[in-house]
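Peer 1: Sharing a structure, written as structure tokens. Questions coming.
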Amino acid sequence: MPPVEPDFARHIIEHGTTEEDYGPRLAPPAHAAALADLGLPWPAGTAPIPVPLDLEPDPDDRLPSADVLVVTWTVDEVTALADVFTPGFDRKSWYRYARLFQSHYKPLIRDGAPARRANRLGSYFQADVAGVRLLLYKSELHLNQDGIRTAPGKATLPVKDMLRQLIDEVQPRLVITVGTAGATFPPDRVTTVNGMTCPPHELGDVMITRGAKFRLSQEFANEAFAHMAYHSEFSIPQTRLTAVNELLAVHAPKLREPGLGPPSTKYGWPTGGLVPGHTNTPNLLIDGRDFPAFHPMLSTDFFEFGTSTNGLEQEGCGVEMGDAVLGMVVEEMKAEGLPVPDWLVIRNASDPQINGKLPDRNDPSIHSAMRRKLDMQAHWAVWYYETYGYWTSVNSAIAVWAVVA
């Protein structure tokens with residue numbers, strides 16, 4: 001029997017999960033506000049204010065309306081979003097949402113998927129920022145976790161139906177998908193893309209783009225949308241850039257990368273014992289200003305990341321697993337003649353571009369039975385997420401604030 005391949009995508013989605021995450025909503029703990037105080041110096045009148053509902057809704061109820069719908073995907077991402085926008089109401093006290101889950105969605109979701117374990121579509125909470133109402137939503141559906149195979153290279157895609165349902169119920173004027181991504185641009189030098197000189201992308205930087213593109217090569221490889229690209233004409237507000245830089249700097253020390261060296265002293269070590277560590281100063285990187293306009297976020301159906309040798313920076317500004325579904329949903333609504341919201345992708349670099357010279361599972365010098373264990377590129381991509389996923393997600397949450405404030 002062949003060895004079971006590690007599901008790095010699932011590991012990242014569920015990193016930090018507890019059994020309580022799969023259960024009913026919990027009342028917010030009395031100490032949550034103090035624990036979640038990130039000490040961010042919000043400009044006067046712009047601090048996010050959580051807005052609990054007067055009565056706890058039934059999970060089958062429709063979502064309330066809001067000006068902006070914000071969708072995130074992993075445990076680290078929703079923890080950061082809650083700490084920034086709903087202090088005092090942690091992710092476990094967000095309202096559960098399961099509308100049509102049993103009748104429509106469950107038959108489209110394969111056994112073992114996160115949504116089946118949670119028995120719901122997601123969870124949500126509301127917040128106000130400078131008079132703008134946000135509905136913050138954590139999805140339990142995921143492009144590469146849910147699908148039931150319907151033909152070679154084809155599968156069900158329930159997350160598409162969910163996004164359409166969210167838009168129909170919330171009626172937002174703007175939809176933002178937010179969270180972590182693998183950086184594609186080099187962290188140590190400028191790069192030319194489509195004739196434009198682009199700055200480095202470091203751990204903790206935040207990419208804001210109006211583009212999303214599918215890069216599907218496995219379970220959705222034969223779908224008509226497998227390589228489709230989408231873009232939004234939304235005009236990205238930039239009036240809060242100075243304030244953003246001040247806010248991003250508050251927790252920059254949390255992004256300190258340690259000094260590194262070989263795993264054993266039998267290897268030659270650098271002078272001084274370690275390659276020096278590095279503290280990053282996170283930046284906001286915006287399409288049309290820091291990289292080409294509409295340069296897309298890449299949505300894959302497997303765990304992929306940017307490396308120094310795979311050239312993904314020429315194709316997109318980051319790699320994740322789902323944003324292009326939002327672009328597809330909006331385009332389909334437009335084709336139906338329906339009013340559509342603007343949309344935006346905000347992703348933080350939870351792992352920098354990985355060294356492509358490290359061995360990976362395709363390295364012919366590694367015995368085939370050991371390749372999945374000695375895939376050092378995947379090892380470091382996962383290590384970065386486990387170590388920095390939460391704090392980099394705080395940065396993308398701050399970027400959401402900058403757009404809506």
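Please note that chains go A, B, ... in the order of the structure tokens, that every chain numbers its residues from 1, and that ligands are numbered from 1 in the order shown.
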Do you know which residues are at most 7 Å from A:Gly259 counting only C-alpha atoms, after dropping those on the same chain fewer than 5 positions away, and could you put them as number ranges by chain?
Peer 2: A: 274-277
Peer 1: As a list in words, please: the residues near stretch 46-63 of chain A (cut-off 6 Å, only C-alpha atoms, same-chain neighbours under 2 positions excluded).
Peer 2: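 Result of the neighbour search: Trp42, Pro43, Ala44, Phe85, Thr86, Arg96, Tyr97, Ala98, Arg99, Gln126, Ala127, Asp128, Val129, Ala130 and Glu169 of chain A.
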Peer 1: Just the residues within 10 Å of A:Ala226, please, counting only C-alpha atoms, with nothing from its chain fewer than 3 positions along; format it as a PyMOL selection string.
Peer 2: chain A and resi 153-154+213-223+229+299-301
Peer 1: How would the residues just chosen look if you wrote them out with N, CA and C atoms as a tab-separated table (two decimals), in the first residue's frame?
Peer 2:
chain	number	residue	atom	x	y	z
A	153	GLY	N	-10.39	14.98	-13.43
A	153	GLY	CA	-10.08	16.40	-13.44
A	153	GLY	C	-11.28	17.30	-13.21
A	154	LYS	N	-12.36	16.73	-12.68
A	154	LYS	CA	-13.56	17.52	-12.39
A	154	LYS	C	-14.13	17.09	-11.04
A	213	LYS	N	-6.68	34.53	-10.21
A	213	LYS	CA	-6.55	33.62	-11.35
A	213	LYS	C	-6.46	32.18	-10.84
A	214	PHE	N	-7.21	31.29	-11.49
A	214	PHE	CA	-7.10	29.87	-11.18
A	214	PHE	C	-5.81	29.30	-11.75
A	215	ARG	N	-5.18	28.44	-10.95
A	215	ARG	CA	-4.02	27.68	-11.39
A	215	ARG	C	-4.26	26.24	-10.91
A	216	LEU	N	-5.13	25.55	-11.64
A	216	LEU	CA	-5.65	24.26	-11.20
A	216	LEU	C	-5.07	23.14	-12.04
A	217	SER	N	-4.47	22.15	-11.39
A	217	SER	CA	-3.79	21.09	-12.14
A	217	SER	C	-4.08	19.69	-11.60
A	218	GLN	N	-4.96	19.60	-10.61
A	218	GLN	CA	-5.25	18.29	-10.04
A	218	GLN	C	-6.75	17.99	-10.11
A	219	GLU	N	-7.49	18.13	-9.02
A	219	GLU	CA	-8.88	17.68	-9.06
A	219	GLU	C	-9.77	18.51	-9.97
A	220	PHE	N	-9.34	19.74	-10.33
A	220	PHE	CA	-10.13	20.58	-11.23
A	220	PHE	C	-9.41	20.84	-12.56
A	221	ALA	N	-8.43	20.02	-12.88
A	221	ALA	CA	-7.58	20.28	-14.04
A	221	ALA	C	-8.35	20.36	-15.35
A	222	ASN	N	-9.45	19.64	-15.47
A	222	ASN	CA	-10.19	19.59	-16.73
A	222	ASN	C	-11.45	20.45	-16.73
A	223	GLU	N	-11.62	21.25	-15.70
A	223	GLU	CA	-12.75	22.17	-15.68
A	223	GLU	C	-12.50	23.34	-16.64
A	229	ALA	N	-8.90	33.85	-15.43
A	229	ALA	CA	-8.49	35.00	-14.61
A	229	ALA	C	-9.64	36.00	-14.56
A	299	SER	N	-4.96	30.99	-7.36
A	299	SER	CA	-5.73	30.01	-6.59
A	299	SER	C	-5.44	28.62	-7.13
A	300	THR	N	-4.87	27.76	-6.28
A	300	THR	CA	-4.49	26.42	-6.69
A	300	THR	C	-5.35	25.38	-6.01
A	301	ASP	N	-5.33	24.15	-6.56
A	301	ASP	CA	-6.07	23.05	-5.94
A	301	ASP	C	-5.12	22.06	-5.26
Peer 1: Looking only at helix (DSSP H, G or I) from DSSP on the backbone, list the matching residues of stretch 141-243 of chain A as a list of chain:residue names.
Peer 2: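 Helix (DSSP H, G or I) assignments inside stretch 141-243 of chain A correspond to A:Leu143, A:Asn144, A:Gln145, A:Asp146, A:Pro158, A:Val159, A:Lys160, A:Asp161, A:Met162, A:Leu163, A:Arg164, A:Gln165, A:Leu166, A:Ile167, A:Asp168, A:Glu169, A:Val170, A:Leu241, A:Thr242, A:Ala243.
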Peer 1: Considering only C-alpha atoms, state which residue in the set A:Leu40, A:Leu81, A:Met321, A:Leu285 is at the smallest distance from A:Glu202.
Peer 2: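 Of A:Leu40, A:Leu81, A:Met321, A:Leu285, the one nearest A:Glu202 is A:Leu285, counting only C-alpha atoms.
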Peer 1: Could you find all residues in stretch 196-353 of chain A that DSSP calls strand (DSSP E) from the backbone, and write them as JSON, numbers by chain?
Peer 2: {"A": [196, 197, 198, 206, 207, 208, 209, 211, 212, 213, 214, 215, 229, 230, 231, 256, 257, 278, 279, 284, 285, 286, 297, 298, 299, 300, 318, 319, 320, 342, 343, 344, 345, 346, 347, 348, 349, 350, 351]}
Peer 1: Applying 10 Å and only C-alpha atoms, which residues near stretch 184-201 of chain A remain after dropping the ones on its own chain fewer than 6 positions away? List them as a ChimeraX atom specification.
Peer 2: /A:207,282-285,288-293,295,297-298,305-308,310-319,348-349,351-355
Peer 1: Mind dumping the selected residues with C-alpha atoms as an mmCIF file, in the first residue's frame?
Peer 2:
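Contents of the output file out-v7.cif:
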data_model
loop_
_atom_site.group_PDB
_atom_site.id
_atom_site.type_symbol
_atom_site.label_atom_id
_atom_site.label_comp_id
_atom_site.auth_asym_id
_atom_site.auth_seq_id
_atom_site.Cartn_x
_atom_site.Cartn_y
_atom_site.Cartn_z
ATOM 1 C CA MET A 207 -0.608 42.255 -1.030
ATOM 2 C CA PRO A 282 5.993 44.813 6.925
ATOM 3 C CA ASN A 283 4.696 46.869 4.023
ATOM 4 C CA LEU A 284 1.451 47.270 2.128
ATOM 5 C CA LEU A 285 1.903 46.308 -1.537
ATOM 6 C CA GLY A 288 -0.921 49.248 -9.931
ATOM 7 C CA ARG A 289 1.565 50.855 -7.536
ATOM 8 C CA ASP A 290 3.948 48.158 -6.278
ATOM 9 C CA PHE A 291 3.279 45.502 -8.924
ATOM 10 C CA PRO A 292 1.340 45.585 -12.202
ATOM 11 C CA ALA A 293 -2.331 46.540 -12.121
ATOM 12 C CA HIS A 295 -1.601 41.199 -11.164
ATOM 13 C CA MET A 297 -3.591 36.221 -6.610
ATOM 14 C CA LEU A 298 -3.188 32.607 -7.777
ATOM 15 C CA PHE A 305 4.103 28.157 -3.014
ATOM 16 C CA GLY A 306 6.497 30.570 -4.682
ATOM 17 C CA THR A 307 10.142 29.565 -4.942
ATOM 18 C CA SER A 308 13.265 31.241 -6.236
ATOM 19 C CA ASN A 310 9.555 28.450 -10.288
ATOM 20 C CA GLY A 311 8.965 31.998 -11.568
ATOM 21 C CA LEU A 312 5.479 32.386 -10.100
ATOM 22 C CA GLU A 313 6.055 36.116 -9.555
ATOM 23 C CA GLN A 314 5.605 36.532 -13.316
ATOM 24 C CA GLU A 315 2.148 34.946 -13.077
ATOM 25 C CA GLY A 316 0.775 36.319 -9.804
ATOM 26 C CA CYS A 317 1.486 38.230 -6.599
ATOM 27 C CA GLY A 318 0.871 35.295 -4.235
ATOM 28 C CA VAL A 319 -0.442 31.725 -3.998
ATOM 29 C CA ASN A 348 -0.446 38.554 3.757
ATOM 30 C CA ALA A 349 2.804 36.749 3.049
ATOM 31 C CA ASP A 351 5.776 32.498 4.079
ATOM 32 C CA PRO A 352 8.343 34.284 1.927
ATOM 33 C CA GLN A 353 9.454 32.970 -1.442
ATOM 34 C CA ILE A 354 11.127 29.638 -0.619
ATOM 35 C CA ASN A 355 14.646 28.707 -1.757
#
Peer 1: Using only C-alpha atoms, which of the listed residues (A:Ala378, A:Leu69, A:Ile208, A:Ala80) sits closest to A:Tyr390?
Peer 2: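 So, comparing all the options, the nearest one is A:Ala80.
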Peer 1: Which residue out of A:Ser232, A:Gly204, A:Leu134, A:Val78 has the minimum interatomic distance to A:Gly182 when only C-alpha atoms are used?
Peer 2: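 Result for the nearest residue to A:Gly182: A:Gly204.
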Peer 1: Would you mind telling me which residue in A:Val132, A:Pro29, A:Val175, A:Val325 lies nearest to A:Pro87 when using only C-alpha atoms?
Peer 2: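 Closest candidate: A:Pro29.
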Peer 1: Measure the distance from atom CA of A:Trp380 to atom CA of A:His11 in Å and round it to one decimal.
Peer 2: 13.7 Å
Peer 1: Quick one: pull the distance between atom CA of A:Phe302 and atom CA of A:Glu77, Å, one decimal.
Peer 2: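 So the two atoms, atom CA of A:Phe302 and atom CA of A:Glu77, lie 19.1 Å apart.
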Peer 1: Just how far from atom CA of A:Trp94 is atom CA of A:Leu136, in Å to one decimal?
Peer 2: 9.3 Å
Peer 1: Between A:Arg117, A:His231, A:Lys254, A:Arg10, which is the closest to A:Gly211 once you count only C-alpha atoms?
Peer 2: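 Looking only at the distances to A:Gly211, the closest residue turns out to be A:His231.
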